[in-house]
$ cat query_24.cif   # mmCIF, C-alpha atoms
data_start
#
loop_
_atom_site.label_atom_id
_atom_site.label_comp_id
_atom_site.auth_asym_id
_atom_site.auth_seq_id
_atom_site.Cartn_x
_atom_site.Cartn_y
_atom_site.Cartn_z
CA MET A 1 19.64 12.32 10.33
CA ARG A 2 19.48 12.75 6.57
CA ASN A 3 23.29 12.77 6.31
CA LEU A 4 23.44 9.62 8.43
CA LYS A 5 21.04 7.88 6.07
CA LYS A 6 23.14 8.94 3.10
CA PHE A 7 26.25 7.59 4.76
CA LEU A 8 24.59 4.27 5.49
CA ALA A 9 23.53 4.01 1.86
CA LEU A 10 27.04 4.63 0.51
CA VAL A 11 28.61 1.37 -0.73
CA LEU A 12 31.81 0.31 -2.49
CA ALA A 13 31.94 -1.23 -5.96
CA MET A 14 33.13 -4.58 -4.70
CA MET A 15 30.13 -4.68 -2.40
CA MET A 16 27.74 -3.70 -5.15
CA THR A 17 28.82 -6.62 -7.31
CA LEU A 18 27.65 -8.95 -4.55
CA SER A 19 24.65 -6.94 -3.41
CA LEU A 20 21.78 -8.95 -4.90
CA MET A 21 19.73 -10.00 -1.90
CA VAL A 22 18.06 -13.38 -1.66
CA THR A 23 16.09 -13.59 1.57
CA VAL A 24 14.31 -16.84 2.31
CA ASN A 25 10.54 -16.42 2.67
CA ALA A 26 10.82 -12.66 2.22
CA ALA A 27 9.12 -10.62 -0.46
CA THR A 28 11.07 -8.06 -2.45
CA PRO A 29 9.59 -5.20 -4.46
CA THR A 30 9.11 -5.48 -8.18
CA ASP A 31 11.75 -3.59 -10.12
CA PHE A 32 9.51 -1.65 -12.48
CA SER A 33 11.11 -0.48 -15.71
CA ASP A 34 9.93 3.06 -14.98
CA GLY A 35 10.76 2.97 -11.28
CA ASP A 36 12.92 6.06 -11.61
CA LYS A 37 9.78 8.06 -12.43
CA ILE A 38 8.10 7.31 -9.11
CA THR A 39 8.01 10.37 -6.84
CA ASP A 40 10.38 9.92 -3.91
CA ALA A 41 7.62 10.53 -1.36
CA TYR A 42 5.61 7.62 -2.78
CA LYS A 43 8.40 5.15 -3.52
CA GLU A 44 8.07 3.27 -0.23
CA ALA A 45 4.36 2.81 -0.86
CA VAL A 46 4.94 1.37 -4.33
CA ASP A 47 7.82 -0.81 -3.09
CA VAL A 48 5.83 -2.34 -0.23
CA LEU A 49 2.61 -2.85 -2.18
CA SER A 50 4.46 -4.39 -5.12
CA ALA A 51 6.37 -6.69 -2.74
CA LEU A 52 3.04 -7.81 -1.33
CA LYS A 53 1.77 -8.22 -4.93
CA VAL A 54 -1.11 -5.87 -4.15
CA VAL A 55 -0.20 -3.51 -7.00
CA LYS A 56 1.16 -4.83 -10.27
CA GLY A 57 2.58 -3.26 -13.37
CA ASP A 58 2.55 -4.46 -16.94
CA ASP A 59 4.86 -4.41 -19.94
CA ARG A 60 4.87 -0.61 -19.70
CA GLY A 61 6.01 -0.59 -16.08
CA PHE A 62 4.13 0.87 -13.13
CA ARG A 63 3.19 4.12 -14.89
CA PRO A 64 3.17 6.17 -11.65
CA GLY A 65 1.92 9.41 -13.19
CA GLU A 66 -1.02 7.94 -15.09
CA THR A 67 -4.57 7.88 -13.76
CA ILE A 68 -6.14 4.71 -12.40
CA THR A 69 -9.71 3.49 -12.81
CA ARG A 70 -12.30 2.64 -10.19
CA ALA A 71 -12.17 -0.99 -11.35
CA GLU A 72 -8.38 -1.14 -10.89
CA VAL A 73 -8.69 0.25 -7.36
CA SER A 74 -11.34 -2.39 -6.65
CA ALA A 75 -8.78 -5.05 -7.56
CA ILE A 76 -6.23 -3.49 -5.19
CA LEU A 77 -8.80 -3.35 -2.38
CA TYR A 78 -9.76 -6.96 -2.99
CA ARG A 79 -6.14 -8.07 -2.52
CA ILE A 80 -5.64 -5.86 0.54
CA VAL A 81 -8.70 -7.17 2.35
CA THR A 82 -8.59 -10.83 1.31
CA GLY A 83 -4.86 -11.43 0.98
CA ASP A 84 -5.60 -13.26 -2.29
CA VAL A 85 -2.79 -11.46 -4.10
CA ASP A 86 -2.67 -14.10 -6.83
CA ASP A 87 -6.38 -13.52 -7.56
CA LYS A 88 -7.18 -17.22 -7.29
CA ASN A 89 -10.62 -16.70 -5.80
CA ALA A 90 -11.73 -13.54 -7.58
CA GLU A 91 -13.73 -15.67 -10.01
CA LEU A 92 -16.04 -16.68 -7.15
CA TYR A 93 -17.61 -13.24 -7.21
CA LYS A 94 -18.22 -13.00 -10.93
CA GLY A 95 -21.77 -12.62 -12.16
CA ALA A 96 -23.20 -11.17 -8.94
CA ASN A 97 -24.71 -8.28 -10.89
CA TYR A 98 -24.41 -5.55 -8.29
CA PHE A 99 -24.15 -2.93 -11.02
CA THR A 100 -25.62 -2.75 -14.48
CA ASP A 101 -22.32 -1.60 -16.01
CA VAL A 102 -20.30 -4.50 -14.57
CA THR A 103 -20.89 -7.75 -16.41
CA ALA A 104 -19.37 -11.21 -16.09
CA ASP A 105 -17.39 -10.84 -19.31
CA ARG A 106 -15.24 -8.05 -17.86
CA TRP A 107 -11.91 -8.73 -16.13
CA TYR A 108 -12.91 -6.63 -13.15
CA ASP A 109 -16.31 -8.22 -12.50
CA GLY A 110 -15.19 -10.36 -9.54
CA TYR A 111 -13.23 -7.57 -7.84
CA VAL A 112 -15.98 -4.97 -8.10
CA ASN A 113 -18.63 -7.41 -6.91
CA TYR A 114 -16.51 -8.40 -3.90
CA CYS A 115 -16.04 -4.76 -2.96
CA ALA A 116 -19.74 -4.05 -3.43
CA ASN A 117 -20.74 -7.04 -1.33
CA ASN A 118 -18.47 -5.84 1.49
CA GLY A 119 -19.51 -2.22 1.35
CA LEU A 120 -16.20 -0.91 0.05
CA VAL A 121 -17.65 0.42 -3.21
CA LEU A 122 -21.20 1.76 -3.22
CA GLY A 123 -21.57 2.95 -6.80
CA VAL A 124 -22.41 6.34 -8.25
CA GLY A 125 -26.20 6.02 -8.43
CA GLY A 126 -28.59 4.68 -11.01
CA GLY A 127 -27.31 1.16 -10.47
CA LYS A 128 -23.90 2.03 -11.91
CA VAL A 129 -20.35 2.17 -10.60
CA ASN A 130 -18.51 3.64 -13.62
CA PRO A 131 -15.73 1.02 -13.50
CA ASN A 132 -13.63 2.57 -16.26
CA ALA A 133 -13.81 6.13 -14.96
CA PRO A 134 -10.68 7.57 -13.31
CA VAL A 135 -10.88 7.37 -9.53
CA THR A 136 -10.42 10.61 -7.61
CA GLY A 137 -8.19 10.88 -4.57
CA TYR A 138 -11.21 11.40 -2.33
CA GLU A 139 -12.90 8.27 -3.73
CA ALA A 140 -9.80 6.14 -3.19
CA LEU A 141 -9.50 7.54 0.33
CA VAL A 142 -13.09 6.63 1.18
CA MET A 143 -12.57 3.12 -0.18
CA ILE A 144 -9.61 2.39 2.11
CA LEU A 145 -11.38 4.06 5.06
CA ARG A 146 -14.28 1.64 4.60
CA ALA A 147 -11.79 -1.25 4.50
CA ILE A 148 -10.33 0.00 7.79
CA GLY A 149 -13.84 -0.11 9.23
CA ASP A 150 -15.05 3.48 9.01
CA ASN A 151 -18.23 2.30 7.35
CA ASN A 152 -21.06 3.96 9.23
CA PRO A 153 -23.73 4.12 6.47
CA LYS A 154 -24.13 7.86 7.11
CA GLU A 155 -20.40 8.61 7.20
CA PHE A 156 -19.74 9.43 3.55
CA SER A 157 -23.24 9.62 2.10
CA SER A 158 -24.00 13.30 2.69
CA GLY A 159 -23.09 16.22 0.47
CA ASP A 160 -20.00 17.00 2.54
CA TRP A 161 -18.51 13.51 2.24
CA ARG A 162 -15.31 14.87 0.70
CA LEU A 163 -14.81 17.16 3.68
CA LYS A 164 -15.34 14.24 6.07
CA ALA A 165 -12.95 12.04 4.10
CA SER A 166 -10.33 14.78 4.14
CA GLY A 167 -10.63 15.06 7.92
CA TYR A 168 -10.14 11.33 8.36
CA GLY A 169 -7.19 11.33 5.99
CA ARG A 170 -5.37 14.04 7.96
CA ARG A 171 -6.23 12.71 11.43
CA LEU A 172 -5.12 9.20 10.53
CA ASN A 173 -2.02 10.46 8.67
CA ILE A 174 -3.08 8.73 5.46
CA THR A 175 -2.76 11.82 3.30
CA ASP A 176 0.17 13.58 4.96
CA ASN A 177 2.22 13.34 1.75
CA ILE A 178 -0.60 14.45 -0.56
CA ALA A 179 -1.65 18.02 -1.19
CA GLU A 180 -5.37 18.57 -0.64
CA ALA A 181 -5.84 19.86 -4.17
CA ARG A 182 -4.60 16.56 -5.60
CA LEU A 183 -7.38 14.63 -3.87
CA ALA A 184 -10.16 16.39 -5.73
CA GLY A 185 -9.24 15.37 -9.27
CA PRO A 186 -8.35 12.08 -10.95
CA ALA A 187 -5.66 10.37 -8.86
CA THR A 188 -2.43 9.02 -10.28
CA ARG A 189 -1.38 5.45 -9.72
CA GLU A 190 1.36 6.47 -7.29
CA ILE A 191 -1.02 8.62 -5.24
CA VAL A 192 -3.49 5.75 -4.93
CA ALA A 193 -0.59 3.50 -3.90
CA GLU A 194 0.31 6.02 -1.18
CA ILE A 195 -3.28 6.16 0.10
CA MET A 196 -3.57 2.39 0.22
CA PHE A 197 -0.14 1.93 1.81
CA GLN A 198 -0.74 4.46 4.57
CA GLY A 199 -4.16 2.91 5.19
CA LEU A 200 -2.56 -0.48 5.85
CA GLU A 201 -1.08 0.74 9.13
CA VAL A 202 -4.15 2.50 10.50
CA PRO A 203 -5.75 0.54 13.38
CA THR A 204 -8.93 -1.14 12.18
CA VAL A 205 -12.29 -0.49 13.79
CA LYS A 206 -15.74 -2.06 13.83
CA TYR A 207 -18.94 -0.06 13.63
CA THR A 208 -22.16 -0.94 15.44
CA VAL A 209 -25.24 1.20 16.00
CA LEU A 210 -24.95 0.86 19.78
CA SER A 211 -21.22 1.42 20.30
CA ASP A 212 -20.26 3.42 17.20
CA TYR A 213 -16.58 2.69 16.35
CA GLN A 214 -14.56 0.30 18.49
CA PRO A 215 -11.06 -1.19 17.92
CA THR A 216 -11.18 -4.63 16.34
CA GLY A 217 -8.56 -6.06 18.69
CA THR A 218 -4.90 -6.26 19.65
CA TYR A 219 -2.00 -8.68 19.28
CA GLN A 220 1.36 -9.28 20.95
CA ALA A 221 4.75 -9.02 19.25
CA PHE A 222 8.29 -8.22 20.48
CA GLY A 223 7.00 -7.76 24.03
CA TYR A 224 4.54 -5.04 23.00
CA THR A 225 0.80 -4.85 22.45
CA TYR A 226 -0.23 -3.62 19.02
CA ARG A 227 -3.65 -2.65 17.74
CA GLU A 228 -4.76 -4.65 14.73
CA ASP A 229 -4.44 -3.09 11.31
CA LEU A 230 -4.77 -4.41 7.77
CA LEU A 231 -1.03 -5.00 7.52
CA TRP A 232 -1.35 -7.45 10.39
CA SER A 233 -4.80 -8.95 9.84
CA THR A 234 -4.23 -9.67 6.16
CA PHE A 235 -0.47 -10.16 5.79
CA ARG A 236 0.68 -10.90 9.38
CA ILE A 237 3.32 -8.17 9.18
CA VAL A 238 4.00 -6.14 12.33
CA ASP A 239 6.15 -3.17 11.34
CA LYS A 240 9.48 -2.14 9.87
CA ASP A 241 12.85 -1.78 11.55
CA PRO A 242 13.51 1.80 12.66
CA ALA A 243 16.95 1.77 11.01
CA PRO A 244 18.28 0.07 7.86
CA LEU A 245 19.39 -3.54 8.12
CA HIS A 246 22.83 -4.38 6.69
CA ASP A 247 23.91 -7.63 5.11
CA LYS A 248 27.41 -9.06 5.54
CA TRP A 249 28.66 -6.87 2.69
CA GLY A 250 27.35 -3.71 4.32
CA ASN A 251 24.48 -3.20 1.90
CA PRO A 252 21.55 -1.47 3.64
CA SER A 253 17.90 -2.42 3.26
CA ILE A 254 14.62 -1.69 5.00
CA ARG A 255 13.11 -4.74 6.64
CA TRP A 256 9.47 -5.34 7.51
CA ARG A 257 9.05 -8.01 10.17
CA ASP A 258 6.46 -10.61 11.13
CA ALA A 259 5.65 -11.51 14.75
CA SER A 260 8.55 -14.00 14.85
CA ASN A 261 10.97 -11.23 13.89
CA LYS A 262 11.50 -12.86 10.51
CA THR A 263 11.84 -10.75 7.41
CA ALA A 264 8.55 -10.44 5.56
CA ILE A 265 9.59 -7.70 3.13
CA GLU A 266 13.07 -6.49 2.32
CA ILE A 267 13.61 -3.34 0.29
CA PRO A 268 17.18 -2.43 -0.76
CA VAL A 269 18.15 1.16 -0.04
CA THR A 270 19.25 3.00 -3.16
CA PRO A 271 22.92 3.94 -2.76
CA VAL A 272 23.90 7.59 -2.83
CA ASP A 273 26.94 6.76 -4.93
CA THR A 274 28.59 3.75 -6.50
CA PHE A 275 32.29 3.16 -7.12
CA TYR A 276 33.63 0.88 -9.82
CA THR A 277 37.31 1.03 -8.92
CA ALA A 278 39.15 0.26 -5.71
CA MET A 279 38.68 3.06 -3.18
CA ASP A 280 40.07 3.48 0.34
CA GLU A 281 37.59 4.08 3.14
CA CYS A 282 38.76 7.62 3.91
CA THR A 283 38.09 8.70 0.34
CA VAL A 284 34.62 7.16 0.44
CA VAL A 285 33.77 8.93 3.72
#

$ encode --input "query_24.cif" --output "structure tokens"
Amino acid sequence: MRNLKKFLALVLAMMMTLSLMVTVNAATPTDFSDGDKITDAYKEAVDVLSALKVVKGDDRGFRPGETITRAEVSAILYRIVTGDVDDKNAELYKGANYFTDVTADRWYDGYVNYCANNGLVLGVGGGKVNPNAPVTGYEALVMILRAIGDNNPKEFSSGDWRLKASGYGRRLNITDNIAEARLAGPATREIVAEIMFQGLEVPTVKYTVLSDYQPTGTYQAFGYTYREDLLWSTFRIVDKDPAPLHDKWGNPSIRWRDASNKTAIEIPVTPVDTFYTAMDECTVV
């Protein structure tokens, strides 16, 4: 299967000169200046979240190996849950004063207050949330689990909350690509992207005292019944094609589809090799 993927990604020079994709109404990932530093296992996560404008870089790129703060993760969660990826309404939550160390003059005030109001971020005690502290992998995992709906007040409030979070992460396949040891310490930006990305496709649930956790609902697409997840409820995206899509030049890309089978996200597949002179097909193969 790996060799087949490599073959599909192999393109000729004449194709590469015409390979810039412009897909109507489709999002494409941001080409970060340091994209080559993103770990292969986490590249899809960064590509999809940047295409959705959930994660954003700056003039230094994405900085995949650097740590990320609790406030920055709050901004990511805000966009994932609300779909307000342009942050137009974040100002509405400024000045709510949920925590003594989050004030209206800080850029993250609206995001943190939204997350606090919706039970996604509970603070660290003493009326504080430590917004500028590096988030740990376990903390980021709990945040996305609460967004999915695993928000029983007793779920992650006991002394063994990390153990419980770890169990959820493995059972729901959120942390399959992350070593357990990397969850305990400060998480890198690419690891948080992976946690958030994998969480998008986990079926959402609703907690009540009487019925515990129940699925939030289902929807129909392509003749199948799907359980709702954040990818659907927030962005109306169903899933990705099982095999690369090819344009008329033969360039492969991964396509994420909406319920009308239209392209919602298109991510070009990095070619295994590139030729800049004329080459016959047999030589390429």

$ closest_residue --input "query_24.cif" --among "A:Ala264, A:Ala41, A:Ile68, A:Leu230" --to "Pro134 of chain A" --atoms "all atoms listed in the file"
A:Ile68

$ resolve_selection --input "query_24.cif" --expression "the PyMOL selection byres ((chain A and resi 145) around 10)" --output "list in words"
Leu120, Glu139, Ala140, Leu141, Val142, Met143, Ile144, Arg146, Ala147, Ile148, Gly149, Asp150, Asn151, Ala165, Tyr168, Gly169, Leu172, Ile174, Ile195, Met196, Gly199, Leu200, Val202, Thr204 and Val205 of chain A

$ residues_around --input "query_24.cif" --residues "Leu183 of chain A" --least-positions-apart "4" --cutoff "10 Å" --atoms "only C-alpha atoms" --output "number ranges by chain"
A: 135-141, 162, 166, 175, 178-179, 187-188, 191-192

$ residues_around --input "query_24.cif" --residues "Asp36 of chain A" --least-positions-apart "6" --cutoff "12 Å" --atoms "only C-alpha atoms" --output "ChimeraX atom specification"
/A:42-43,46,61-65,270

$ atom_distance --input "query_24.cif" --atom1 "atom CA of Ile265 of chain A" --atom2 "atom CA of Arg227 of chain A"
20.4 Å

$ closest_residue --input "query_24.cif" --among "A:Trp256, A:Trp161, A:Phe156, A:Tyr276" --to "Thr28 of chain A" --atoms "all atoms listed in the file"
A:Trp256

$ atom_distance --input "query_24.cif" --atom1 "atom CA of Ala45 of chain A" --atom2 "atom CA of Asp58 of chain A"
17.7 Å

$ closest_residue --input "query_24.cif" --among "A:Ser253, A:Asn152, A:Asn173, A:Thr277" --to "Glu44 of chain A" --atoms "all atoms listed in the file"
A:Ser253

$ resolve_selection --input "query_24.cif" --expression "the PyMOL selection byres ((chain A and resi 125) around 12)" --output "PyMOL selection string"
chain A and resi 98-101+121-124+126-130+157

$ residues_around --input "query_24.cif" --residues "segment 69-76 of chain A" --least-positions-apart "5" --cutoff "7 Å" --atoms "only C-alpha atoms" --output "MDAnalysis selection string"
chainID A and resid 54:55 108 111:112 115 131:135

$ residues_near_point --input "query_24.cif" --point "(-11.8, -15.8, -9.3)" --cutoff "12 Å" --atoms "all atoms listed in the file" --output "list of chain:residue names"
A:Ala75, A:Tyr78, A:Arg79, A:Asp84, A:Val85, A:Asp86, A:Asp87, A:Lys88, A:Asn89, A:Ala90, A:Glu91, A:Leu92, A:Tyr93, A:Lys94, A:Gly95, A:Ala104, A:Trp107, A:Tyr108, A:Asp109, A:Gly110, A:Tyr111, A:Val112, A:Asn113, A:Tyr114

$ write_last_selection --input "query_24.cif" --atoms "C-alpha atoms" --output "PDB file, keeping the file's coordinate frame"
ATOM      1  CA  ALA A  75      -8.780  -5.050  -7.560  1.00  0.00           C
ATOM      2  CA  TYR A  78      -9.760  -6.960  -2.990  1.00  0.00           C
ATOM      3  CA  ARG A  79      -6.140  -8.070  -2.520  1.00  0.00           C
ATOM      4  CA  ASP A  84      -5.600 -13.260  -2.290  1.00  0.00           C
ATOM      5  CA  VAL A  85      -2.790 -11.460  -4.100  1.00  0.00           C
ATOM      6  CA  ASP A  86      -2.670 -14.100  -6.830  1.00  0.00           C
ATOM      7  CA  ASP A  87      -6.380 -13.520  -7.560  1.00  0.00           C
ATOM      8  CA  LYS A  88      -7.180 -17.220  -7.290  1.00  0.00           C
ATOM      9  CA  ASN A  89     -10.620 -16.700  -5.800  1.00  0.00           C
ATOM     10  CA  ALA A  90     -11.730 -13.540  -7.580  1.00  0.00           C
ATOM     11  CA  GLU A  91     -13.730 -15.670 -10.010  1.00  0.00           C
ATOM     12  CA  LEU A  92     -16.040 -16.680  -7.150  1.00  0.00           C
ATOM     13  CA  TYR A  93     -17.610 -13.240  -7.210  1.00  0.00           C
ATOM     14  CA  LYS A  94     -18.220 -13.000 -10.930  1.00  0.00           C
ATOM     15  CA  GLY A  95     -21.770 -12.620 -12.160  1.00  0.00           C
ATOM     16  CA  ALA A 104     -19.370 -11.210 -16.090  1.00  0.00           C
ATOM     17  CA  TRP A 107     -11.910  -8.730 -16.130  1.00  0.00           C
ATOM     18  CA  TYR A 108     -12.910  -6.630 -13.150  1.00  0.00           C
ATOM     19  CA  ASP A 109     -16.310  -8.220 -12.500  1.00  0.00           C
ATOM     20  CA  GLY A 110     -15.190 -10.360  -9.540  1.00  0.00           C
ATOM     21  CA  TYR A 111     -13.230  -7.570  -7.840  1.00  0.00           C
ATOM     22  CA  VAL A 112     -15.980  -4.970  -8.100  1.00  0.00           C
ATOM     23  CA  ASN A 113     -18.630  -7.410  -6.910  1.00  0.00           C
ATOM     24  CA  TYR A 114     -16.510  -8.400  -3.900  1.00  0.00           C
TER      25      TYR A 114
END

$ atom_distance --input "query_24.cif" --atom1 "atom CA of Asp59 of chain A" --atom2 "atom CA of Val269 of chain A"
24.6 Å

$ residues_around --input "query_24.cif" --residues "segment 218-221 of chain A" --least-positions-apart "4" --cutoff "12 Å" --atoms "only C-alpha atoms" --output "PyMOL selection string"
chain A and resi 203-205+214+225-229+232-233+236-239+257-262

$ resolve_selection --input "query_24.cif" --expression "the PyMOL selection byres ((chain A and resi 244) around 6)" --output "list in words"
Ala243, Leu245, Pro252, Ser253 and Ile254 of chain A

$ closest_residue --input "query_24.cif" --among "A:Asn117, A:Leu210, A:Ala51, A:Leu77" --to "Ala26 of chain A" --atoms "all atoms listed in the file"
A:Ala51

$ build_atoms --input "query_24.cif" --residues "segment 69-85 of chain A" --atoms "N, CA and C atoms" --output "JSON list (two decimals), in the coordinates of the input"
[["chain", "number", "residue", "atom", "x", "y", "z"],
["A", 69, "THR", "N", -8.25, 3.57, -12.77],
["A", 69, "THR", "CA", -9.71, 3.49, -12.81],
["A", 69, "THR", "C", -10.29, 2.96, -11.51],
["A", 70, "ARG", "N", -11.59, 3.15, -11.36],
["A", 70, "ARG", "CA", -12.30, 2.64, -10.19],
["A", 70, "ARG", "C", -12.24, 1.11, -10.14],
["A", 71, "ALA", "N", -12.26, 0.47, -11.31],
["A", 71, "ALA", "CA", -12.17, -0.99, -11.35],
["A", 71, "ALA", "C", -10.79, -1.46, -10.88],
["A", 72, "GLU", "N", -9.74, -0.77, -11.30],
["A", 72, "GLU", "CA", -8.38, -1.14, -10.89],
["A", 72, "GLU", "C", -8.20, -0.98, -9.39],
["A", 73, "VAL", "N", -8.78, 0.07, -8.81],
["A", 73, "VAL", "CA", -8.69, 0.25, -7.36],
["A", 73, "VAL", "C", -9.48, -0.84, -6.64],
["A", 74, "SER", "N", -10.57, -1.29, -7.24],
["A", 74, "SER", "CA", -11.34, -2.39, -6.65],
["A", 74, "SER", "C", -10.49, -3.65, -6.57],
["A", 75, "ALA", "N", -9.67, -3.89, -7.58],
["A", 75, "ALA", "CA", -8.78, -5.05, -7.56],
["A", 75, "ALA", "C", -7.74, -4.92, -6.45],
["A", 76, "ILE", "N", -7.20, -3.72, -6.26],
["A", 76, "ILE", "CA", -6.23, -3.49, -5.19],
["A", 76, "ILE", "C", -6.89, -3.71, -3.84],
["A", 77, "LEU", "N", -8.08, -3.18, -3.64],
["A", 77, "LEU", "CA", -8.80, -3.35, -2.38],
["A", 77, "LEU", "C", -9.10, -4.81, -2.11],
["A", 78, "TYR", "N", -9.49, -5.53, -3.14],
["A", 78, "TYR", "CA", -9.76, -6.96, -2.99],
["A", 78, "TYR", "C", -8.54, -7.68, -2.43],
["A", 79, "ARG", "N", -7.37, -7.40, -2.98],
["A", 79, "ARG", "CA", -6.14, -8.07, -2.52],
["A", 79, "ARG", "C", -5.77, -7.64, -1.10],
["A", 80, "ILE", "N", -5.98, -6.36, -0.79],
["A", 80, "ILE", "CA", -5.64, -5.86, 0.54],
["A", 80, "ILE", "C", -6.50, -6.51, 1.61],
["A", 81, "VAL", "N", -7.77, -6.65, 1.34],
["A", 81, "VAL", "CA", -8.70, -7.17, 2.35],
["A", 81, "VAL", "C", -8.66, -8.69, 2.44],
["A", 82, "THR", "N", -8.54, -9.36, 1.31],
["A", 82, "THR", "CA", -8.59, -10.83, 1.31],
["A", 82, "THR", "C", -7.23, -11.49, 1.43],
["A", 83, "GLY", "N", -6.18, -10.82, 1.01],
["A", 83, "GLY", "CA", -4.86, -11.43, 0.98],
["A", 83, "GLY", "C", -4.67, -12.34, -0.23],
["A", 84, "ASP", "N", -5.68, -12.43, -1.08],
["A", 84, "ASP", "CA", -5.60, -13.26, -2.29],
["A", 84, "ASP", "C", -4.87, -12.48, -3.38],
["A", 85, "VAL", "N", -3.57, -12.30, -3.19],
["A", 85, "VAL", "CA", -2.79, -11.46, -4.10],
["A", 85, "VAL", "C", -2.55, -12.12, -5.45]]
